[in-house]
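Asker: The following file, target.txt, comprises compact mmCIF, C-alpha atoms and all ligand atoms:
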# COMPACT_ATOMS: atom_id res chain seq x y z
CA MET A 1 189.51 76.57 -118.32
CA ILE A 2 191.69 73.98 -116.67
CA ASN A 3 194.05 72.09 -118.96
CA ASN A 4 193.44 68.47 -117.97
CA ASN A 5 196.43 67.33 -119.98
CA ALA A 6 198.84 69.44 -117.97
CA VAL A 7 199.81 66.82 -115.44
CA ASN A 8 203.49 67.65 -115.10
CA HIS A 9 204.43 68.82 -111.63
CA LEU A 10 206.38 72.00 -111.36
CA THR A 11 208.90 72.53 -108.66
CA ILE A 12 211.33 75.33 -108.08
CA GLU A 13 214.21 73.18 -109.29
CA GLN A 14 212.50 72.59 -112.62
CA GLY A 15 211.88 76.29 -113.11
CA ILE A 16 208.53 78.05 -113.37
CA THR A 17 209.10 80.24 -116.37
CA ASP A 18 205.50 81.27 -117.01
CA PHE A 19 204.56 81.86 -113.40
CA GLU A 20 204.56 85.30 -111.94
CA HIS A 21 207.23 85.91 -109.34
CA GLU A 22 204.61 86.14 -106.61
CA HIS A 23 203.13 82.75 -107.44
CA TYR A 24 206.58 81.24 -107.56
CA ASN A 25 207.49 82.42 -104.08
CA ALA A 26 204.15 81.69 -102.46
CA ALA A 27 204.03 78.07 -103.51
CA PHE A 28 207.76 77.44 -103.03
CA ASN A 29 208.44 73.84 -103.92
CA THR A 30 204.84 72.68 -103.50
CA PRO A 31 204.25 70.35 -106.45
CA ILE A 32 201.51 72.16 -108.31
CA ARG A 33 200.45 72.11 -111.95
CA PRO A 34 200.88 75.22 -114.11
CA ASP A 35 197.11 75.53 -114.48
CA ALA A 36 196.47 75.20 -110.73
CA PHE A 37 194.77 78.58 -110.37
CA GLU A 38 192.91 78.80 -113.66
CA MET A 39 189.73 77.23 -112.29
CA ASP A 40 187.70 79.48 -109.98
CA ASP A 41 186.89 78.41 -106.42
CA ASP A 42 183.19 77.75 -107.10
CA THR A 43 184.02 75.34 -109.92
CA LYS A 44 186.65 73.64 -107.76
CA MET A 45 184.15 73.17 -104.94
CA GLU A 46 181.53 71.81 -107.33
CA MET A 47 183.97 69.25 -108.73
CA ILE A 48 185.39 68.22 -105.34
CA ALA A 49 181.86 67.75 -103.95
CA LYS A 50 181.03 65.50 -106.88
CA HIS A 51 184.16 63.41 -106.40
CA PHE A 52 183.77 63.21 -102.63
CA LYS A 53 180.17 62.11 -103.05
CA GLY A 54 181.55 59.30 -105.24
CA ILE A 55 183.97 58.26 -102.48
CA MET A 56 181.17 58.17 -99.92
CA GLN A 57 178.98 56.17 -102.30
CA VAL A 58 181.76 53.65 -102.91
CA LEU A 59 182.11 53.31 -99.13
CA GLY A 60 178.43 52.43 -99.05
CA MET A 61 177.17 55.48 -97.17
CA ASP A 62 173.57 56.55 -97.58
CA LEU A 63 173.66 60.05 -99.01
CA ASN A 64 169.94 60.46 -98.39
CA ASP A 65 170.65 60.52 -94.66
CA ASP A 66 169.98 63.96 -93.27
CA SER A 67 173.36 64.20 -91.55
CA LEU A 68 175.35 62.98 -94.58
CA LYS A 69 173.63 64.63 -97.53
CA ASP A 70 175.57 67.89 -97.36
CA THR A 71 178.92 66.34 -96.41
CA PRO A 72 180.35 66.39 -99.97
CA LYS A 73 179.66 70.14 -100.16
CA ARG A 74 181.05 70.71 -96.66
CA VAL A 75 184.26 68.86 -97.47
CA ALA A 76 184.66 70.74 -100.76
CA LYS A 77 184.24 74.11 -99.04
CA MET A 78 186.62 73.09 -96.26
CA TYR A 79 189.30 72.02 -98.78
CA VAL A 80 189.11 75.07 -101.04
CA LYS A 81 188.29 77.86 -98.59
CA GLU A 82 189.91 76.58 -95.42
CA ILE A 83 192.45 73.81 -95.00
CA PHE A 84 193.99 74.04 -98.51
CA SER A 85 193.40 77.74 -99.13
CA GLY A 86 197.15 78.35 -98.81
CA LEU A 87 197.73 76.69 -102.18
CA ASN A 88 196.35 79.79 -103.87
CA PRO A 89 198.75 82.77 -103.90
CA ALA A 90 195.70 85.06 -103.97
CA ASN A 91 195.33 84.19 -100.27
CA LYS A 92 198.86 85.17 -99.35
CA PRO A 93 198.93 87.47 -96.29
CA GLU A 94 200.22 90.98 -96.75
CA PRO A 95 203.01 91.61 -94.25
CA THR A 96 202.67 94.97 -92.50
CA LEU A 97 206.13 96.38 -91.91
CA PHE A 98 207.03 99.27 -89.66
CA LYS A 99 210.20 101.28 -89.52
CA ASN A 100 212.34 100.41 -86.54
CA PRO A 101 212.57 103.82 -84.85
CA PHE A 102 213.48 102.28 -81.51
CA GLN A 103 216.52 100.67 -83.12
CA TYR A 104 215.66 97.27 -81.67
CA LYS A 105 218.51 95.10 -82.90
CA GLN A 106 218.08 91.93 -80.85
CA MET A 107 216.21 88.89 -82.01
CA LEU A 108 212.45 88.83 -81.84
CA VAL A 109 210.98 85.42 -81.03
CA GLU A 110 207.34 84.44 -81.54
CA ARG A 111 206.73 81.19 -79.70
CA ASN A 112 204.01 78.58 -79.75
CA ILE A 113 202.32 79.59 -83.01
CA ALA A 114 199.58 77.06 -83.70
CA VAL A 115 200.17 74.80 -86.68
CA PHE A 116 197.20 73.05 -88.29
CA SER A 117 198.24 71.39 -91.51
CA ASN A 118 197.54 68.19 -93.42
CA CYS A 119 199.87 65.43 -94.47
CA GLU A 120 200.09 65.21 -98.25
CA HIS A 121 200.58 61.44 -98.13
CA HIS A 122 197.40 60.56 -96.22
CA PHE A 123 195.37 63.81 -96.07
CA VAL A 124 195.06 63.64 -92.29
CA PRO A 125 196.03 66.40 -89.84
CA ILE A 126 199.45 67.56 -88.75
CA VAL A 127 198.99 69.50 -85.51
CA GLY A 128 201.67 71.29 -83.59
CA LYS A 129 203.54 74.47 -82.89
CA ALA A 130 205.97 76.71 -84.70
CA HIS A 131 208.55 78.98 -83.10
CA VAL A 132 209.96 81.69 -85.35
CA ALA A 133 212.56 84.39 -84.88
CA TYR A 134 214.24 87.15 -86.84
CA ILE A 135 216.73 89.93 -86.33
CA SER A 136 215.57 93.27 -87.75
CA ASN A 137 217.58 94.84 -90.55
CA GLY A 138 215.69 98.12 -90.26
CA HIS A 139 212.05 97.07 -90.30
CA VAL A 140 209.81 95.26 -87.85
CA ILE A 141 206.83 93.17 -88.86
CA GLY A 142 203.35 93.27 -87.31
CA LEU A 143 203.38 90.37 -84.86
CA SER A 144 200.17 88.75 -86.12
CA LYS A 145 201.73 88.55 -89.59
CA LEU A 146 204.17 85.97 -88.25
CA ASN A 147 201.20 83.80 -87.23
CA ARG A 148 199.53 84.46 -90.58
CA ILE A 149 202.61 83.36 -92.52
CA VAL A 150 202.71 80.10 -90.53
CA GLN A 151 198.98 79.59 -91.09
CA TYR A 152 199.16 80.33 -94.83
CA CYS A 153 202.02 77.86 -95.40
CA SER A 154 200.24 75.27 -93.24
CA GLN A 155 197.05 75.43 -95.28
CA ARG A 156 198.38 73.17 -97.99
CA PRO A 157 198.92 69.44 -98.27
CA GLN A 158 202.33 69.30 -96.63
CA VAL A 159 205.35 67.42 -95.46
CA GLN A 160 206.82 69.02 -92.38
CA GLU A 161 210.26 69.61 -93.87
CA ARG A 162 208.80 71.66 -96.73
CA LEU A 163 206.43 73.51 -94.41
CA THR A 164 209.41 74.59 -92.31
CA MET A 165 211.33 75.80 -95.38
CA GLN A 166 208.31 77.64 -96.77
CA ILE A 167 207.79 79.51 -93.50
CA ALA A 168 211.47 80.48 -93.41
CA ASN A 169 211.44 81.63 -97.04
CA MET A 170 208.32 83.73 -96.60
CA LEU A 171 209.80 85.37 -93.52
CA LYS A 172 212.99 86.20 -95.42
CA GLU A 173 210.99 87.62 -98.30
CA ALA A 174 208.71 89.67 -96.04
CA LEU A 175 211.48 91.02 -93.82
CA GLY A 176 214.21 91.43 -96.41
CA THR A 177 216.72 89.60 -94.25
CA GLU A 178 218.38 86.21 -94.12
CA ASP A 179 218.45 86.36 -90.34
CA VAL A 180 215.52 84.05 -89.59
CA ALA A 181 214.96 80.83 -87.65
CA VAL A 182 212.02 78.45 -87.67
CA ILE A 183 211.26 75.38 -85.59
CA VAL A 184 208.18 73.24 -86.14
CA ASP A 185 207.21 70.60 -83.57
CA ALA A 186 204.21 68.62 -84.71
CA HIS A 187 202.13 65.54 -84.18
CA HIS A 188 201.26 63.61 -87.36
CA HIS A 189 197.90 61.89 -87.29
CA CYS A 190 199.09 59.56 -90.03
CA VAL A 191 201.54 58.19 -87.46
CA SER A 192 199.11 58.17 -84.51
CA SER A 193 195.62 57.39 -85.79
CA ARG A 194 196.59 54.74 -88.35
CA GLY A 195 199.62 52.83 -89.60
CA ILE A 196 202.12 52.47 -86.79
CA ARG A 197 199.60 54.05 -84.32
CA ASP A 198 202.16 55.79 -82.18
CA ALA A 199 200.32 58.58 -80.41
CA GLY A 200 203.30 59.68 -78.34
CA SER A 201 205.84 60.85 -80.88
CA THR A 202 206.23 64.31 -82.37
CA THR A 203 208.42 65.49 -85.25
CA LEU A 204 210.78 68.41 -84.90
CA THR A 205 212.17 70.30 -87.91
CA ALA A 206 214.32 73.42 -87.97
CA GLU A 207 215.65 75.92 -90.45
CA TYR A 208 218.32 78.46 -89.54
CA SER A 209 219.86 81.04 -91.80
CA GLY A 210 221.99 84.18 -91.68
CA GLN A 211 223.06 85.06 -88.16
CA PHE A 212 221.14 82.06 -86.78
CA LEU A 213 223.80 79.80 -88.26
CA VAL A 214 226.15 81.18 -85.61
CA THR A 215 226.07 78.77 -82.68
CA GLU A 216 225.74 81.50 -80.05
CA THR A 217 222.73 83.10 -81.79
CA LYS A 218 221.10 79.75 -82.45
CA ASN A 219 221.56 78.75 -78.81
CA GLU A 220 220.03 82.03 -77.64
CA PHE A 221 216.95 81.27 -79.78
CA LEU A 222 216.76 77.71 -78.44
CA LYS A 223 217.09 79.01 -74.87
CA HIS A 224 214.20 81.47 -75.44
CA ILE A 225 211.85 78.83 -76.78
CA ALA A 226 212.74 76.38 -74.01
CA SER A 227 212.06 78.90 -71.22
N1 LIG A 301 209.60 62.91 -94.06
C1 LIG A 301 208.28 62.98 -93.83
N2 LIG A 301 207.53 61.87 -93.89
C2 LIG A 301 206.21 61.99 -93.63
C3 LIG A 301 205.60 63.19 -93.29
N3 LIG A 301 204.28 62.96 -93.09
C4 LIG A 301 204.11 61.64 -93.28
N4 LIG A 301 205.27 61.04 -93.62
C5 LIG A 301 205.59 59.63 -93.90
O1 LIG A 301 205.38 59.32 -95.24
C6 LIG A 301 205.51 57.92 -95.34
C7 LIG A 301 204.66 57.37 -96.45
O2 LIG A 301 205.08 56.04 -96.57
P1 LIG A 301 204.35 54.88 -97.39
O3 LIG A 301 205.03 53.61 -97.07
O4 LIG A 301 204.25 55.26 -98.83
O5 LIG A 301 202.88 54.93 -96.84
P2 LIG A 301 202.16 53.95 -95.80
O6 LIG A 301 202.15 52.55 -96.36
O7 LIG A 301 200.83 54.54 -95.48
O8 LIG A 301 203.15 54.00 -94.58
P3 LIG A 301 202.89 53.77 -93.01
O9 LIG A 301 202.52 55.10 -92.42
O10 LIG A 301 204.18 53.28 -92.49
O11 LIG A 301 201.76 52.78 -92.87
C8 LIG A 301 205.17 57.37 -93.98
O12 LIG A 301 206.35 56.82 -93.43
C9 LIG A 301 204.76 58.61 -93.19
O13 LIG A 301 205.05 58.54 -91.81
C10 LIG A 301 206.42 64.36 -93.23
O14 LIG A 301 205.97 65.47 -92.95
N5 LIG A 301 207.75 64.21 -93.51
ZN ZN A 302 200.80 61.06 -93.60
Since I need it in another form, could you write the structure as C-alpha cells?
Ligand SMILES: Nc1nc2c(ncn2[C@@H]2O[C@H](COP(=O)(O)OP(=O)(O)OP(=O)(O)O)[C@@H](O)[C@H]2O)c(=O)[nH]1
Ligand SMILES: [Zn+2]
Answerer:
Amino acid sequence: MINNNAVNHLTIEQGITDFEHEHYNAAFNTPIRPDAFEMDDDTKMEMIAKHFKGIMQVLGMDLNDDSLKDTPKRVAKMYVKEIFSGLNPANKPEPTLFKNPFQYKQMLVERNIAVFSNCEHHFVPIVGKAHVAYISNGHVIGLSKLNRIVQYCSQRPQVQERLTMQIANMLKEALGTEDVAVIVDAHHHCVSSRGIRDAGSTTLTAEYSGQFLVTETKNEFLKHIAS
C-alpha cells in the first residue's frame, strides 16, 4: 500500500539508500517519493480517473455527455500507461548490445529522434528532437534502443535540462562509456500556447562527456547534425 505520509522528495543528491540500483539510475534526479512504485497501475489509474473527474466537475463540464463521460478514464490510462510510463523503472528499455567485430571506432550519430515529453510545471507538451552520439568502446548498441532511451526518459514530467542529462546518463550506463553527446531541441507548449504565447522559440540543451569534451570531436558531432 502507498504510504501517504511519505511526501519527502528524493533526489540523487539526497541519496536513495533503500532504492535498488536499477531504480536509482532509471529515475535519475526525477523528484519521486520512496513509495512511488508500491501502488499497482490499475489502482493508480482508478485514483487518477477519480481526481480528474473532480477537476472536470469543478470546471463545470457535464460528465453525462457521451463524449466526456469516459475522459477521466482515458486521461488516467494515458498518464500511467503512456505519457508518464517512463517514471516506472519496470518500463526501462533493455539495451541490446553487440560486439564490435568490424572495429568501428568513429562516432555513431543518431539524428532527429522524436521527443514527446511534458513540462512538469504546467503538464503540457514539450515536442522536439534529440540528436545523440557515442564512440564505441568495444560494443555497439541496437539503433532503435537509442530512440527507446530517448522515449523512456521523455515519458515523465520533465524539464528539458534534466531530460538531456537523463538521456546522457542512460546512454553511458547502457554503453559502458563516457563518450556520449546529447542535444535536445524542443518546443515548449507552456511557452507557446499560454503565458508568454511565443510560438516561434525553441529551447536547445546539450550534454557532452568523455571525448566529446574535446573541441574537435564536439565540432564533428555538431557538423554531422547540421548537415
Ligand atoms: N529551465 C526550464 N524552465 C522551464 C522548462 N519548462 C518550462 N519552464 C519554465 O518554468 C517557469 C515556471 O515559472 P512560474 O513563474 O512559476 O510559472 P508561470 O507563472 O506559469 O510562468 P509563465 O510561463 O511565465 O507564465 C516558466 O518560466 C517556464 O517557461 C524547462 O524545461 N526548463
Ligand atoms: Zn511549462
Asker: Taking only C-alpha atoms and all ligand atoms and a cut-off of 12 Å, can you tell me which residues surround ligand LIG 301 (chain A), written as a CSV table (one decimal) with C-alpha atoms, in the frame of the given file?
Answerer:
chain,number,residue,atom,x,y,z
A,117,SER,CA,198.2,71.4,-91.5
A,118,ASN,CA,197.5,68.2,-93.4
A,119,CYS,CA,199.9,65.4,-94.5
A,120,GLU,CA,200.1,65.2,-98.2
A,121,HIS,CA,200.6,61.4,-98.1
A,122,HIS,CA,197.4,60.6,-96.2
A,123,PHE,CA,195.4,63.8,-96.1
A,124,VAL,CA,195.1,63.6,-92.3
A,125,PRO,CA,196.0,66.4,-89.8
A,126,ILE,CA,199.4,67.6,-88.8
A,127,VAL,CA,199.0,69.5,-85.5
A,128,GLY,CA,201.7,71.3,-83.6
A,154,SER,CA,200.2,75.3,-93.2
A,156,ARG,CA,198.4,73.2,-98.0
A,157,PRO,CA,198.9,69.4,-98.3
A,158,GLN,CA,202.3,69.3,-96.6
A,159,VAL,CA,205.4,67.4,-95.5
A,160,GLN,CA,206.8,69.0,-92.4
A,161,GLU,CA,210.3,69.6,-93.9
A,162,ARG,CA,208.8,71.7,-96.7
A,163,LEU,CA,206.4,73.5,-94.4
A,164,THR,CA,209.4,74.6,-92.3
A,165,MET,CA,211.3,75.8,-95.4
A,184,VAL,CA,208.2,73.2,-86.1
A,185,ASP,CA,207.2,70.6,-83.6
A,186,ALA,CA,204.2,68.6,-84.7
A,187,HIS,CA,202.1,65.5,-84.2
A,188,HIS,CA,201.3,63.6,-87.4
A,189,HIS,CA,197.9,61.9,-87.3
A,190,CYS,CA,199.1,59.6,-90.0
A,191,VAL,CA,201.5,58.2,-87.5
A,192,SER,CA,199.1,58.2,-84.5
A,193,SER,CA,195.6,57.4,-85.8
A,194,ARG,CA,196.6,54.7,-88.4
A,195,GLY,CA,199.6,52.8,-89.6
A,196,ILE,CA,202.1,52.5,-86.8
A,197,ARG,CA,199.6,54.0,-84.3
A,198,ASP,CA,202.2,55.8,-82.2
A,201,SER,CA,205.8,60.8,-80.9
A,202,THR,CA,206.2,64.3,-82.4
A,203,THR,CA,208.4,65.5,-85.2
A,204,LEU,CA,210.8,68.4,-84.9
A,205,THR,CA,212.2,70.3,-87.9
Asker: Residues within 10 Å of Ala226 (chain A), please, as a list in words. Count only C-alpha atoms; anything in the same chain fewer than 5 positions from it doesn't count.
Answerer: Arg111, Glu220 and Phe221 of chain A
Asker: Please report the interatomic distance between CA of Gly142 (chain A) and CA of Leu213 (chain A) in Å with one decimal.
Answerer: 24.5 Å
Asker: Quick one: pull the distance between CA of Ile135 (chain A) and CA of Val150 (chain A), Å, one decimal.
Answerer: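 Answer for the CA of Ile135 (chain A) to CA of Val150 (chain A) separation: 17.6 Å.
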Asker: Using only C-alpha atoms, which protein or nucleic acid residues come within 10 Å of Thr96 (chain A)? Drop anything in the same chain fewer than 6 positions from it, and give the result as a list in words.
Answerer: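 Non-adjacent residues within range: His139, Val140, Ile141, Gly142, Leu143, Ser144, Lys145, Ala174 and Leu175 of chain A.
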Asker: Enter the distance from CA of Phe212 (chain A) to CA of Ala114 (chain A), in Å, rounded to one decimal.
Answerer: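 Straight-line distance from CA of Phe212 (chain A) to CA of Ala114 (chain A) works out to 22.3 Å.
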Asker: Using all atoms listed in the file, find the one residue out of A:Asn137, A:Val75, A:Val132, A:Asp65 that sits nearest to Lys99 (chain A).
Answerer: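 Distance minimum relative to Lys99 (chain A) lands on A:Asn137.
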Asker: Between A:Asn147, A:Asn112, A:Thr71, A:Ser227, which has the minimum distance to Pro95 (chain A) (counting only C-alpha atoms)?
Answerer: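 Of A:Asn147, A:Asn112, A:Thr71, A:Ser227, the one nearest Pro95 (chain A) is A:Asn147, counting only C-alpha atoms.
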Asker: Between A:Ala76, A:Val115, A:Leu222, A:Ala168, which residue has the minimum interatomic distance to Lys129 (chain A), considering only C-alpha atoms?
Answerer: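 Checking each of A:Ala76, A:Val115, A:Leu222, A:Ala168 against Lys129 (chain A), counting only C-alpha atoms, the winner is A:Val115.
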